[in-house]
file query31.cif (mmCIF, C-alpha atoms and all ligand atoms)
data_protein
loop_
_atom_site.label_atom_id
_atom_site.label_comp_id
_atom_site.auth_asym_id
_atom_site.auth_seq_id
_atom_site.Cartn_x
_atom_site.Cartn_y
_atom_site.Cartn_z
CA MET A 19 0.00 0.00 0.00
CA ASN A 20 1.35 3.45 -0.73
CA GLU A 21 1.01 6.53 1.43
CA SER A 22 -2.21 7.76 -0.15
CA VAL A 23 -4.63 5.60 1.85
CA SER A 24 -8.09 5.73 0.33
CA ALA A 25 -9.93 8.57 2.10
CA THR A 26 -13.38 7.17 1.43
CA SER A 27 -12.92 4.05 3.55
CA TRP A 28 -11.71 6.11 6.49
CA THR A 29 -14.06 9.02 6.59
CA GLU A 30 -15.82 9.36 9.93
CA LYS A 31 -13.89 6.48 11.51
CA ARG A 32 -12.50 7.19 14.95
CA LEU A 33 -9.41 5.43 16.20
CA LEU A 34 -7.77 5.56 19.58
CA LEU A 35 -4.01 5.35 19.12
CA GLY A 36 -2.29 4.11 22.28
CA VAL A 37 1.45 4.71 22.44
CA THR A 38 3.56 2.82 25.00
CA GLY A 39 7.24 3.10 25.91
CA GLY A 40 9.54 1.89 23.15
CA VAL A 41 11.88 3.34 20.54
CA ALA A 42 9.29 2.49 17.87
CA ALA A 43 7.13 5.28 19.35
CA TYR A 44 8.69 7.54 16.72
CA LYS A 45 6.95 5.45 14.03
CA ALA A 46 3.63 6.05 15.78
CA ALA A 47 3.93 9.74 14.88
CA GLU A 48 4.05 8.86 11.18
CA LEU A 49 1.15 6.47 11.72
CA ALA A 50 -0.88 9.27 13.34
CA ARG A 51 -0.06 11.57 10.41
CA LEU A 52 -1.10 9.04 7.74
CA LEU A 53 -4.30 8.11 9.54
CA THR A 54 -5.31 11.73 10.06
CA GLN A 55 -4.48 12.55 6.45
CA SER A 56 -6.77 9.76 5.28
CA GLY A 57 -9.77 11.11 7.17
CA THR A 58 -9.61 9.15 10.43
CA ASP A 59 -10.19 11.02 13.65
CA VAL A 60 -7.22 9.97 15.80
CA GLN A 61 -7.33 10.29 19.57
CA THR A 62 -3.92 9.65 21.13
CA VAL A 63 -3.35 8.26 24.62
CA MET A 64 0.23 7.82 25.85
CA THR A 65 1.73 5.94 28.78
CA GLU A 66 4.23 7.70 31.03
CA SER A 67 7.13 5.78 29.45
CA ALA A 68 5.96 6.66 25.93
CA CYS A 69 6.32 10.34 26.87
CA ARG A 70 10.03 9.69 27.58
CA PHE A 71 10.52 8.65 23.94
CA ILE A 72 8.34 11.22 22.18
CA GLY A 73 6.35 14.25 23.32
CA PRO A 74 2.54 14.47 23.41
CA VAL A 75 2.76 17.78 21.53
CA THR A 76 3.92 15.88 18.42
CA PHE A 77 0.72 13.82 18.37
CA GLN A 78 -1.43 16.82 19.26
CA SER A 79 0.01 18.73 16.28
CA LEU A 80 -0.34 15.80 13.87
CA THR A 81 -3.88 14.78 14.82
CA GLY A 82 -5.37 18.11 15.86
CA ASN A 83 -6.70 16.46 19.04
CA PRO A 84 -5.58 16.84 22.65
CA VAL A 85 -3.43 13.96 23.92
CA PHE A 86 -4.35 12.14 27.14
CA THR A 87 -1.72 10.66 29.44
CA ASP A 88 -3.23 10.69 32.90
CA LEU A 89 -5.86 8.50 34.54
CA TRP A 90 -6.49 11.33 36.98
CA GLU A 91 -7.14 13.94 34.28
CA THR A 92 -9.47 16.53 35.86
CA ASN A 93 -10.33 18.42 32.66
CA THR A 94 -12.91 15.87 31.49
CA THR A 95 -16.35 16.92 32.67
CA ASN A 96 -17.33 13.68 34.43
CA ASN A 97 -13.77 12.77 35.42
CA MET A 98 -14.11 9.50 33.50
CA ALA A 99 -11.56 9.86 30.71
CA HIS A 100 -11.07 6.07 30.56
CA ILE A 101 -14.75 5.44 29.86
CA ASN A 102 -15.36 8.43 27.58
CA LEU A 103 -12.31 7.74 25.42
CA SER A 104 -13.00 4.05 24.84
CA ARG A 105 -16.71 4.59 24.16
CA ASN A 106 -16.18 7.13 21.43
CA VAL A 107 -13.96 5.13 19.09
CA ASP A 108 -14.39 2.37 16.50
CA ALA A 109 -11.14 0.60 17.43
CA ILE A 110 -8.09 0.90 19.66
CA LEU A 111 -4.62 0.43 18.17
CA ILE A 112 -1.64 0.17 20.52
CA ALA A 113 1.52 0.96 18.56
CA PRO A 114 4.08 0.28 19.77
CA ALA A 115 2.84 -2.23 22.34
CA SER A 116 5.71 -2.88 24.78
CA ALA A 117 6.26 -6.22 26.57
CA ASP A 118 5.31 -4.55 29.84
CA PHE A 119 2.05 -3.16 28.45
CA ILE A 120 1.15 -6.52 26.89
CA ALA A 121 1.77 -8.22 30.25
CA ARG A 122 -0.39 -5.69 32.08
CA ILE A 123 -3.40 -5.96 29.81
CA ALA A 124 -3.08 -9.76 29.56
CA CYS A 125 -3.70 -9.78 33.32
CA GLY A 126 -6.59 -7.32 33.03
CA MET A 127 -4.70 -4.64 34.94
CA ALA A 128 -5.88 -1.06 34.94
CA ASP A 129 -2.98 0.79 36.49
CA ASP A 130 -2.76 3.69 34.04
CA LEU A 131 -5.10 5.47 31.64
CA LEU A 132 -4.25 3.37 28.56
CA ALA A 133 -4.55 -0.01 30.32
CA THR A 134 -7.78 1.13 31.98
CA LEU A 135 -9.44 2.13 28.75
CA CYS A 136 -8.38 -1.17 27.12
CA LEU A 137 -10.15 -2.95 29.97
CA ALA A 138 -13.21 -0.69 29.68
CA ARG A 139 -13.49 -0.90 25.89
CA ASP A 140 -16.38 -2.15 23.81
CA CYS A 141 -14.55 -2.05 20.48
CA PRO A 142 -11.83 -4.16 18.77
CA LEU A 143 -8.30 -3.94 20.18
CA ILE A 144 -5.25 -4.25 17.92
CA LEU A 145 -1.69 -4.60 19.23
CA ALA A 146 1.48 -3.84 17.29
CA PRO A 147 4.21 -5.30 19.52
CA ALA A 148 7.73 -3.87 19.37
CA MET A 149 10.56 -4.99 21.60
CA ASN A 150 13.99 -6.56 21.82
CA ARG A 151 14.08 -10.06 20.33
CA GLN A 152 14.78 -11.75 23.65
CA MET A 153 11.88 -9.97 25.31
CA TRP A 154 9.71 -11.15 22.40
CA GLU A 155 10.92 -14.74 22.62
CA ASN A 156 10.54 -14.91 26.40
CA PRO A 157 7.85 -17.49 27.25
CA ALA A 158 6.13 -14.95 29.50
CA THR A 159 5.57 -12.58 26.55
CA GLN A 160 4.38 -15.41 24.30
CA ARG A 161 2.05 -16.66 27.03
CA ASN A 162 0.59 -13.18 27.48
CA LEU A 163 0.06 -12.76 23.74
CA ASN A 164 -1.65 -16.13 23.47
CA LEU A 165 -3.99 -15.15 26.29
CA LEU A 166 -4.84 -11.89 24.54
CA LYS A 167 -5.37 -13.61 21.17
CA GLY A 168 -7.72 -16.02 22.89
CA ASP A 169 -9.64 -13.01 24.18
CA GLY A 170 -10.12 -11.82 20.60
CA VAL A 171 -7.33 -9.22 20.54
CA LEU A 172 -5.71 -8.84 17.12
CA VAL A 173 -1.91 -9.00 17.26
CA CYS A 174 -0.14 -7.55 14.21
CA GLY A 175 3.57 -8.28 13.92
CA PRO A 176 6.27 -7.87 14.95
CA VAL A 177 8.61 -8.78 12.11
CA ASN A 178 12.19 -9.92 11.88
CA GLY A 179 14.87 -7.32 11.32
CA GLU A 180 17.44 -4.97 12.73
CA GLN A 181 16.60 -3.65 16.17
CA ALA A 182 17.37 -0.39 17.90
CA CYS A 183 19.67 -2.25 20.32
CA GLY A 184 21.80 -3.41 17.38
CA GLU A 185 20.62 -7.02 17.50
CA ILE A 186 18.79 -8.75 14.66
CA GLY A 187 15.65 -10.78 15.27
CA MET A 188 11.90 -10.75 15.84
CA GLY A 189 10.66 -7.58 17.47
CA ARG A 190 10.51 -4.80 14.88
CA MET A 191 7.16 -3.07 14.80
CA LEU A 192 5.26 -3.26 11.50
CA GLU A 193 5.59 -0.19 9.30
CA PRO A 194 2.82 2.44 9.59
CA CYS A 195 1.36 1.51 6.17
CA GLU A 196 1.08 -2.15 7.19
CA LEU A 197 -0.62 -1.19 10.44
CA ILE A 198 -3.09 0.99 8.59
CA GLU A 199 -4.04 -2.04 6.50
CA ALA A 200 -4.62 -4.09 9.64
CA VAL A 201 -6.83 -1.37 11.15
CA GLN A 202 -8.69 -1.04 7.89
CA GLY A 203 -9.40 -4.79 8.03
CA VAL A 204 -10.87 -4.46 11.52
CA LEU A 205 -12.97 -1.45 10.63
CA GLN A 206 -14.16 -3.04 7.44
CA PRO A 207 -17.90 -3.38 6.96
CA LYS A 208 -19.26 -6.63 8.39
CA LEU A 209 -18.86 -8.48 5.10
CA LEU A 210 -19.93 -11.88 6.44
CA GLN A 211 -22.56 -10.70 8.90
CA GLY A 212 -24.79 -13.62 9.87
CA ARG A 213 -22.99 -16.12 7.63
CA ASN A 214 -22.11 -19.53 9.09
CA VAL A 215 -18.45 -20.20 8.47
CA LEU A 216 -16.87 -23.57 9.25
CA ILE A 217 -13.08 -23.62 9.51
CA THR A 218 -10.71 -26.55 10.03
CA ALA A 219 -7.27 -25.74 11.41
CA GLY A 220 -4.02 -27.21 12.69
CA PRO A 221 -2.52 -30.64 12.03
CA THR A 222 -4.11 -34.01 12.73
CA TYR A 223 -2.40 -36.68 14.84
CA GLU A 224 -2.68 -40.29 13.78
CA ALA A 225 -1.77 -42.69 16.58
CA ILE A 226 0.55 -45.63 15.90
CA ASP A 227 0.62 -46.97 19.43
CA ALA A 228 -0.02 -45.70 22.95
CA VAL A 229 2.72 -43.08 22.77
CA ARG A 230 3.66 -42.59 19.11
CA GLY A 231 1.93 -41.09 16.15
CA ILE A 232 2.14 -39.42 12.73
CA THR A 233 1.60 -35.68 12.52
CA ASN A 234 3.02 -32.65 10.69
CA ILE A 235 4.47 -29.22 11.50
CA SER A 236 1.29 -27.21 11.02
CA SER A 237 0.92 -24.82 14.00
CA GLY A 238 -2.70 -23.75 13.54
CA LYS A 239 -1.61 -20.09 13.15
CA MET A 240 -3.20 -19.56 9.72
CA GLY A 241 -6.45 -21.35 10.55
CA TYR A 242 -6.81 -19.40 13.79
CA ALA A 243 -6.04 -16.13 11.97
CA VAL A 244 -8.74 -16.95 9.40
CA ALA A 245 -11.17 -17.67 12.25
CA ARG A 246 -10.36 -14.28 13.86
CA ALA A 247 -10.80 -12.46 10.54
CA ALA A 248 -14.14 -14.20 9.89
CA LEU A 249 -15.29 -13.21 13.38
CA ALA A 250 -14.24 -9.60 12.76
CA ALA A 251 -16.28 -9.71 9.53
CA GLY A 252 -19.39 -10.61 11.55
CA ALA A 253 -19.59 -14.36 10.77
CA ASN A 254 -20.79 -17.09 13.12
CA VAL A 255 -17.63 -19.16 13.24
CA THR A 256 -17.29 -22.85 14.04
CA LEU A 257 -13.68 -23.90 14.39
CA ILE A 258 -12.66 -27.56 14.24
CA THR A 259 -9.06 -27.79 15.30
CA GLY A 260 -6.45 -30.49 15.46
CA PRO A 261 -3.86 -30.39 18.26
CA SER A 262 -2.31 -26.90 18.56
CA CYS A 263 -0.42 -25.11 21.33
CA LEU A 264 -2.18 -21.85 20.50
CA VAL A 265 -5.09 -20.39 22.41
CA ALA A 266 -8.08 -20.70 20.11
CA PRO A 267 -10.04 -17.55 19.22
CA ALA A 268 -13.37 -16.94 20.96
CA VAL A 269 -15.47 -18.48 18.16
CA SER A 270 -19.17 -19.38 18.39
CA LYS A 271 -18.33 -23.10 18.53
CA LEU A 272 -14.95 -24.74 19.11
CA LEU A 273 -14.45 -28.47 18.47
CA ASN A 274 -11.14 -30.08 19.40
CA VAL A 275 -10.24 -33.21 17.47
CA ILE A 276 -7.13 -35.34 17.18
CA SER A 277 -7.27 -37.52 14.06
CA ALA A 278 -8.46 -37.02 10.49
CA ASN A 279 -11.37 -39.40 11.12
CA GLU A 280 -12.47 -37.34 14.12
CA MET A 281 -12.17 -34.16 12.05
CA MET A 282 -14.27 -35.77 9.31
CA GLU A 283 -16.99 -36.76 11.80
CA ALA A 284 -17.07 -33.22 13.27
CA VAL A 285 -17.28 -31.69 9.77
CA LYS A 286 -20.12 -34.04 8.81
CA LYS A 287 -22.09 -32.95 11.90
CA GLU A 288 -21.64 -29.24 11.20
CA ILE A 289 -21.75 -29.03 7.43
CA SER A 290 -25.50 -28.81 6.87
CA GLN A 291 -25.62 -25.40 8.61
CA THR A 292 -22.54 -24.09 6.79
CA ASP A 293 -22.51 -21.30 4.19
CA ILE A 294 -18.74 -21.17 3.74
CA PHE A 295 -16.26 -23.98 4.45
CA ILE A 296 -12.59 -22.96 4.78
CA SER A 297 -10.36 -26.00 5.01
CA VAL A 298 -7.07 -24.73 6.43
CA ALA A 299 -6.17 -27.89 8.36
CA ALA A 300 -3.12 -29.88 7.35
CA VAL A 301 -4.88 -33.23 7.45
CA ALA A 302 -2.54 -36.25 7.60
CA ASP A 303 -2.87 -38.16 4.34
CA PHE A 304 -2.32 -41.55 5.97
CA ARG A 305 -3.00 -43.27 9.27
CA ALA A 306 -1.72 -46.49 10.80
CA ALA A 307 -3.77 -49.45 9.51
CA LYS A 308 -3.72 -50.89 13.04
CA ILE A 309 -3.19 -48.89 16.23
CA SER A 310 -1.39 -50.84 18.92
CA LYS A 311 -2.90 -50.30 22.38
CA GLN A 312 0.47 -51.12 23.94
CA LYS A 313 3.72 -49.32 23.29
CA ILE A 314 5.43 -51.22 20.46
CA LYS A 315 8.66 -52.76 21.75
CA LYS A 316 11.96 -51.86 20.15
CA THR A 317 13.82 -54.77 18.50
CA ASP A 318 16.87 -55.02 16.28
CA GLU A 319 14.69 -56.06 13.34
CA LYS A 320 13.42 -53.76 10.60
CA PHE A 321 9.95 -52.51 11.38
CA THR A 322 7.25 -52.08 8.74
CA LEU A 323 4.36 -49.77 9.45
CA HIS A 324 1.25 -50.31 7.33
CA LEU A 325 -0.59 -47.14 6.46
CA GLU A 326 -3.97 -46.57 4.92
CA PRO A 327 -5.28 -43.36 3.39
CA ASN A 328 -7.35 -40.92 5.42
CA PRO A 329 -10.63 -39.60 4.03
CA ASP A 330 -10.39 -36.40 2.03
CA ILE A 331 -12.56 -34.08 4.15
CA LEU A 332 -12.60 -31.19 1.72
CA GLY A 333 -13.26 -33.57 -1.18
CA TYR A 334 -16.24 -34.98 0.72
CA VAL A 335 -17.69 -31.50 1.32
CA SER A 336 -17.13 -30.17 -2.20
CA ASN A 337 -18.84 -33.28 -3.64
CA LEU A 338 -22.03 -32.87 -1.59
CA SER A 339 -25.12 -32.30 -3.73
CA LYS A 340 -25.46 -28.76 -2.32
CA PRO A 341 -21.95 -27.89 -1.14
CA PRO A 342 -21.22 -24.71 0.78
CA PHE A 343 -18.74 -22.26 -0.77
CA CYS A 344 -15.52 -24.29 -0.40
CA VAL A 345 -12.08 -22.80 0.11
CA GLY A 346 -9.06 -25.11 0.11
CA PHE A 347 -5.47 -24.52 1.14
CA ALA A 348 -2.50 -26.05 -0.64
CA ALA A 349 0.91 -26.11 0.99
CA GLU A 350 3.48 -26.96 -1.65
CA THR A 351 7.24 -27.31 -1.56
CA GLU A 352 7.69 -26.78 -5.32
CA ASP A 353 5.87 -25.91 -8.55
CA LEU A 354 3.25 -23.96 -6.64
CA GLU A 355 1.17 -22.81 -9.58
CA ASN A 356 0.77 -26.14 -11.44
CA ASN A 357 0.04 -28.07 -8.27
CA ALA A 358 -2.48 -25.47 -7.12
CA VAL A 359 -4.33 -25.36 -10.43
CA LEU A 360 -4.56 -29.17 -10.55
CA LYS A 361 -5.68 -29.41 -6.93
CA ARG A 362 -8.41 -26.81 -7.40
CA LYS A 363 -9.76 -28.70 -10.41
CA LYS A 364 -9.53 -32.12 -8.76
CA LYS A 365 -11.28 -30.96 -5.59
CA LYS A 366 -13.84 -28.82 -7.50
CA LEU A 367 -13.11 -25.70 -5.46
CA PRO A 368 -14.23 -22.19 -6.36
CA LEU A 369 -11.20 -20.85 -4.47
CA LEU A 370 -7.84 -22.38 -3.57
CA VAL A 371 -5.22 -20.61 -1.44
CA ALA A 372 -1.67 -21.76 -2.16
CA ASN A 373 1.54 -21.14 -0.29
CA LEU A 374 5.06 -22.46 -0.16
CA VAL A 375 5.73 -24.62 2.90
CA GLN A 376 9.17 -23.09 3.44
CA GLU A 377 7.67 -19.59 3.45
CA SER A 378 4.75 -20.14 5.76
CA ILE A 379 4.33 -23.29 7.87
CA GLY A 380 4.90 -22.45 11.54
CA SER A 381 5.83 -18.85 10.68
CA ASP A 382 3.92 -15.73 11.72
CA GLU A 383 3.94 -14.53 8.13
CA SER A 384 3.06 -15.97 4.75
CA ALA A 385 2.89 -15.12 1.06
CA LEU A 386 -0.28 -16.44 -0.56
CA VAL A 387 -1.56 -16.94 -4.09
CA LEU A 388 -5.32 -17.26 -4.57
CA PHE A 389 -6.58 -19.29 -7.53
CA ASP A 390 -10.14 -19.00 -8.79
CA ASP A 391 -12.04 -18.85 -12.08
CA ALA A 392 -10.66 -15.36 -12.69
CA GLY A 393 -7.05 -16.58 -12.54
CA LYS A 394 -4.51 -15.94 -9.80
CA HIS A 395 -4.19 -13.20 -7.27
CA HIS A 396 -1.05 -12.57 -5.19
CA LEU A 397 -1.08 -11.56 -1.54
CA PRO A 398 2.57 -10.58 -0.92
CA ARG A 399 4.30 -11.63 2.31
CA ALA A 400 2.58 -10.17 5.37
CA PRO A 401 1.58 -11.25 8.90
CA LYS A 402 -0.95 -14.10 8.85
CA ASP A 403 -3.61 -11.96 10.55
CA VAL A 404 -3.34 -9.40 7.75
CA GLN A 405 -3.44 -12.16 5.08
CA ALA A 406 -6.47 -13.68 6.75
CA GLN A 407 -8.31 -10.34 6.57
CA HIS A 408 -7.53 -10.03 2.86
CA LEU A 409 -8.70 -13.59 2.31
CA ILE A 410 -11.99 -13.05 4.13
CA LYS A 411 -12.63 -9.92 2.10
CA TYR A 412 -11.90 -11.87 -1.10
CA ILE A 413 -14.21 -14.70 -0.04
CA SER A 414 -17.02 -12.30 0.82
CA LEU A 415 -16.84 -10.82 -2.68
CA ALA A 416 -16.72 -14.25 -4.36
CA TYR A 417 -19.49 -15.73 -2.22
CA LYS A 418 -22.89 -14.45 -3.17
O1 LIG B 501 -4.75 -32.86 -1.16
P1 LIG B 501 -4.08 -31.86 -0.32
O2 LIG B 501 -3.77 -32.35 1.07
O3 LIG B 501 -2.87 -31.22 -0.88
O4 LIG B 501 -5.16 -30.67 -0.21
C1 LIG B 501 -5.10 -29.67 0.71
C2 LIG B 501 -6.47 -29.20 1.06
O5 LIG B 501 -7.33 -30.32 1.29
C3 LIG B 501 -6.50 -28.42 2.36
O6 LIG B 501 -7.53 -27.46 2.25
C4 LIG B 501 -6.81 -29.47 3.40
O7 LIG B 501 -7.43 -28.91 4.53
C5 LIG B 501 -7.74 -30.40 2.65
N1 LIG B 501 -7.61 -31.82 3.03
C6 LIG B 501 -8.68 -32.48 3.61
N2 LIG B 501 -8.60 -33.80 3.92
C7 LIG B 501 -7.49 -34.50 3.66
C8 LIG B 501 -6.38 -33.87 3.06
C9 LIG B 501 -6.48 -32.53 2.76
O8 LIG B 501 -9.71 -31.83 3.87
N3 LIG B 501 -7.43 -35.78 3.97
#
call {"tool": "encode", "arguments": {"input": "query31.cif", "output": "C-alpha cells"}}
result
Amino acid sequence: MNESVSATSWTEKRLLLGVTGGVAAYKAAELARLLTQSGTDVQTVMTESACRFIGPVTFQSLTGNPVFTDLWETNTTNNMAHINLSRNVDAILIAPASADFIARIACGMADDLLATLCLARDCPLILAPAMNRQMWENPATQRNLNLLKGDGVLVCGPVNGEQACGEIGMGRMLEPCELIEAVQGVLQPKLLQGRNVLITAGPTYEAIDAVRGITNISSGKMGYAVARAALAAGANVTLITGPSCLVAPAVSKLLNVISANEMMEAVKKEISQTDIFISVAAVADFRAAKISKQKIKKTDEKFTLHLEPNPDILGYVSNLSKPPFCVGFAAETEDLENNAVLKRKKKKLPLLVANLVQESIGSDESALVLFDDAGKHHLPRAPKDVQAQHLIKYISLAYK
C-alpha cells in the first residue's frame, strides 16, 4: 500500500491510538499523520514511558486532538476519561505495544489510563508489539500474547529485522502503512454478517501406538487467523481444530479433534448449517492401519508400518449435492502454480489458497496466491492476521 490511503474508507472512523514506551514510538507519529491525512479522527493516549521517547505535543500537532496521558485527568467533565475515550472510538490500536504493556493488559490490569481504557473498551483492540528479540521470545511474553489472542485481541507483527539495540531478530514493529491495512481490516464493513463459516485448522495426529503417532508441523496459526478475521467480519464461526499449542479464538463453537477421522466426523455434523467452508487444516494423508494399544517394543529387526489413506474431508464437502462455498489450502514445496491449479480442479473448489511450505508453515507470516475462475491473485508476504483479513474480504466478494 502506498502513502495515499483511500480517504473514502476512512471518513468518519474514529481510532484511539495508544502509544507505549519503546523506541518504535517515533513510528507512531508517522502512523498518526497518515491516519489523520486519510480522514480518520485519531485520539492519542500515551503511557508515562511513551512520553520519555516522544512528546505528546507531536501527536497533538499531527492529529489536531488533545493527547491524554493521565488517569487522573481533571479536565474531562465527568472525570471518566477512561470510559469516555474508549466509548467514542471504533477501534483501539496500541503501537508500539511494549512487553510490559502486553503483560499488564493480559492480566486485566488497569494501572494507568491506557490499560484502563483497554479494559473498559467495547470495540476491537489491535496490538502492534515492538521490543527486543529476547523480550519477544521470552515465554512470558508469548504466554501473554496467546492469552490476549484467545480473548479476541488482534496482534499484528512484529517482524524480523534490525533492532534499535543493534541485535537482529523478531521484534521490529510493523511499518505504519502495514498497520493501517490491519486497522482497515478491523474497521471493514461486516462483510460476512450472519454467515455460518466452518473452519478446520491445525494438524491431525494419527496414533501408531499408545505413545507414538504421525503428525506434521502445522501450527494452527493460519487457521486461527482466518477464524479471527471471519469473526471480525461478523460471521458465526465454528472452528474444528487439530492439536495446537495456540489459544483458540473466541469463536461461536470450538471443536477439538485429534485424528483425520475425528475431524471428518465433526465436519459431517456441522456441514448442513454451513454457508462457507474454509479448510485450512493440514490433514494427515495416511494413518496407521492398526493402532497398537500397547507401546510397540523396540527390536533389532526392521519394522514395517502399514498405512492406509485418510478420508479427504474437503473432497467430501465439495462433492455434496449442495456444497457450501468451499475454500481449500495447498501447501506446496515446489511448482506452486501447477500443483495449485490441478488441486483446485480435482477438488472442484471455487477458491484455492496456495503457499510455499518453506515460506509459511509455523511462521507468523506468509505469502499467498489465490486461484479462482478469474485466474490468480497474489497476496505478498505479510503477517498471517493481515493475510487472513484479505482472504476473508476476497471470499465475501466471491461468495454471493
Ligand atoms: O490434497 P491436499 O492435502 O494437498 O489438499 C489440501 C487441502 O485439502 C486443504 O484445504 C486441506 O485442509 C484439505 N484436506 C482435507 N482432507 C485430507 C487432506 C487434505 O480436507 N485428507
call {"tool": "atom_distance", "arguments": {"input": "query31.cif", "atom1": "CA of Asn162 (chain A)", "atom2": "CA of Leu49 (chain A)"}}
result
25.2 Å
call {"tool": "closest_residue", "arguments": {"input": "query31.cif", "among": "A:Ala278, A:Ala416, A:Ile232, A:Ile379", "to": "ligand LIG 501 (chain B)", "atoms": "only C-alpha atoms and all ligand atoms"}}
result
A:Ala278
call {"tool": "residues_around", "arguments": {"input": "query31.cif", "residues": "Lys287 (chain A)", "least_positions_apart": "6", "cutoff": "12 Å", "atoms": "all atoms listed in the file", "output": "PDB file with C-alpha atoms, in the coordinates of the input"}}
result
ATOM      1  CA  LEU A 216     -16.870 -23.570   9.250  1.00  0.00           C
ATOM      2  CA  THR A 256     -17.290 -22.850  14.040  1.00  0.00           C
ATOM      3  CA  ILE A 258     -12.660 -27.560  14.240  1.00  0.00           C
ATOM      4  CA  LEU A 273     -14.450 -28.470  18.470  1.00  0.00           C
ATOM      5  CA  GLU A 280     -12.470 -37.340  14.120  1.00  0.00           C
ATOM      6  CA  MET A 281     -12.170 -34.160  12.050  1.00  0.00           C
ATOM      7  CA  VAL A 335     -17.690 -31.500   1.320  1.00  0.00           C
TER       8      VAL A 335
END
call {"tool": "axis_aligned_box", "arguments": {"input": "query31.cif", "around": "ligand LIG 501 (chain B)", "padding_each_side": "4 Å", "output": "AutoDock Vina command-line options"}}
result
--center_x -6.3 --center_y -31.6 --center_z 1.7 --size_x 14.8 --size_y 16.3 --size_z 13.7
call {"tool": "closest_residue", "arguments": {"input": "query31.cif", "among": "A:Lys361, A:Thr322, A:Leu367, A:Arg190", "to": "Ser336 (chain A)", "atoms": "only C-alpha atoms"}}
result
A:Leu367
call {"tool": "closest_atom_pairs", "arguments": {"input": "query31.cif", "of": "chain A", "to": "ligand LIG 501 (chain B)", "cutoff": "10 Å", "atoms": "all atoms listed in the file", "output": "tab-separated table"}}
result
residue	atom	partner	partner_atom	distance
A:Ile217	CA	B:LIG501	O7	9.2
A:Thr218	CA	B:LIG501	O7	6.8
A:Ala219	CA	B:LIG501	O7	7.6
A:Gly220	CA	B:LIG501	O7	9.0
A:Pro221	CA	B:LIG501	O7	9.1
A:Thr222	CA	B:LIG501	N3	9.5
A:Gly241	CA	B:LIG501	O7	9.7
A:Ala278	CA	B:LIG501	N3	6.7
A:Asn279	CA	B:LIG501	N3	8.9
A:Met281	CA	B:LIG501	O8	8.9
A:Met282	CA	B:LIG501	N2	8.1
A:Val285	CA	B:LIG501	O8	9.6
A:Phe295	CA	B:LIG501	O6	9.7
A:Ile296	CA	B:LIG501	O6	7.2
A:Ser297	CA	B:LIG501	O7	4.2
A:Val298	CA	B:LIG501	O7	4.6
A:Ala299	CA	B:LIG501	O7	4.2
A:Ala300	CA	B:LIG501	O7	5.2
A:Val301	CA	B:LIG501	C8	4.7
A:Ala302	CA	B:LIG501	N3	6.1
A:Asp303	CA	B:LIG501	N3	5.2
A:Phe304	CA	B:LIG501	N3	8.0
A:Pro327	CA	B:LIG501	N3	7.9
A:Asn328	CA	B:LIG501	N3	5.3
A:Pro329	CA	B:LIG501	N3	5.0
A:Asp330	CA	B:LIG501	N3	3.6
A:Ile331	CA	B:LIG501	O8	3.6
A:Leu332	CA	B:LIG501	O8	3.7
A:Gly333	CA	B:LIG501	O8	6.4
A:Tyr334	CA	B:LIG501	O8	7.9
A:Val335	CA	B:LIG501	O8	8.4
A:Ser336	CA	B:LIG501	O8	9.7
A:Cys344	CA	B:LIG501	O6	9.0
A:Val345	CA	B:LIG501	O6	6.9
A:Gly346	CA	B:LIG501	O6	3.5
A:Phe347	CA	B:LIG501	O6	3.8
A:Ala348	CA	B:LIG501	C1	4.7
A:Ala349	CA	B:LIG501	O3	6.6
A:Glu350	CA	B:LIG501	O3	7.7
A:Asn357	CA	B:LIG501	O3	8.5
A:Ala358	CA	B:LIG501	O3	8.5
A:Lys361	CA	B:LIG501	O1	6.8
A:Arg362	CA	B:LIG501	O4	8.8
A:Lys364	CA	B:LIG501	O1	9.0
A:Lys365	CA	B:LIG501	O5	8.0
A:Leu367	CA	B:LIG501	O6	9.7
A:Leu370	CA	B:LIG501	O6	7.7
A:Val371	CA	B:LIG501	O6	8.1
A:Ala372	CA	B:LIG501	C1	9.1
call {"tool": "residues_around", "arguments": {"input": "query31.cif", "residues": "Tyr223 (chain A)", "least_positions_apart": "3", "cutoff": "7 Å", "atoms": "only C-alpha atoms", "output": "PyMOL selection string"}}
result
chain A and resi 231-233+276-277
call {"tool": "residues_around", "arguments": {"input": "query31.cif", "residues": "region 195-209 of chain A", "least_positions_apart": "5", "cutoff": "6 Å", "atoms": "all atoms listed in the file", "output": "list in words"}}
result
Ala251, Gly252, Val404 and Gln407 of chain A
call {"tool": "atom_distance", "arguments": {"input": "query31.cif", "atom1": "CA of Leu397 (chain A)", "atom2": "CA of Arg32 (chain A)"}}
result
27.5 Å
call {"tool": "atom_distance", "arguments": {"input": "query31.cif", "atom1": "CA of Leu135 (chain A)", "atom2": "CA of Leu103 (chain A)"}}
result
7.1 Å
call {"tool": "residues_around", "arguments": {"input": "query31.cif", "residues": "Gln78 (chain A)", "least_positions_apart": "2", "cutoff": "12 Å", "atoms": "all atoms listed in the file", "output": "list in words"}}
result
Leu35, Ala47, Ala50, Arg51, Thr54, Asp59, Val60, Gln61, Thr62, Val63, Met64, Ile72, Gly73, Pro74, Val75, Thr76, Leu80, Thr81, Gly82, Asn83, Pro84, Val85, Phe86 and Thr87 of chain A
call {"tool": "closest_residue", "arguments": {"input": "query31.cif", "among": "A:Pro176, A:Gly36, A:Pro398, A:Gly380", "to": "Leu264 (chain A)", "atoms": "only C-alpha atoms"}}
result
A:Gly380
call {"tool": "residues_around", "arguments": {"input": "query31.cif", "residues": "Gln312 (chain A)", "least_positions_apart": "6", "cutoff": "9 Å", "atoms": "only C-alpha atoms", "output": "JSON, numbers by chain"}}
result
{"A": [227, 228, 229]}
call {"tool": "closest_residue", "arguments": {"input": "query31.cif", "among": "A:Glu224, A:Asp353, A:Asp129, A:Glu48", "to": "Lys308 (chain A)", "atoms": "all atoms listed in the file"}}
result
A:Glu224
call {"tool": "closest_residue", "arguments": {"input": "query31.cif", "among": "A:Lys340, A:Arg151, A:Arg305, A:Lys311", "to": "Ser290 (chain A)", "atoms": "only C-alpha atoms"}}
result
A:Lys340
call {"tool": "residues_near_point", "arguments": {"input": "query31.cif", "point": "(4.5, -3.7, 23.7)", "cutoff": "7 Å", "atoms": "only C-alpha atoms", "output": "VMD selection string"}}
result
chain A and resid 38 114 to 120 147 to 149
call {"tool": "closest_residue", "arguments": {"input": "query31.cif", "among": "A:Val173, A:Ala385, A:Leu210, A:Val255", "to": "Ile413 (chain A)", "atoms": "only C-alpha atoms"}}
result
A:Leu210
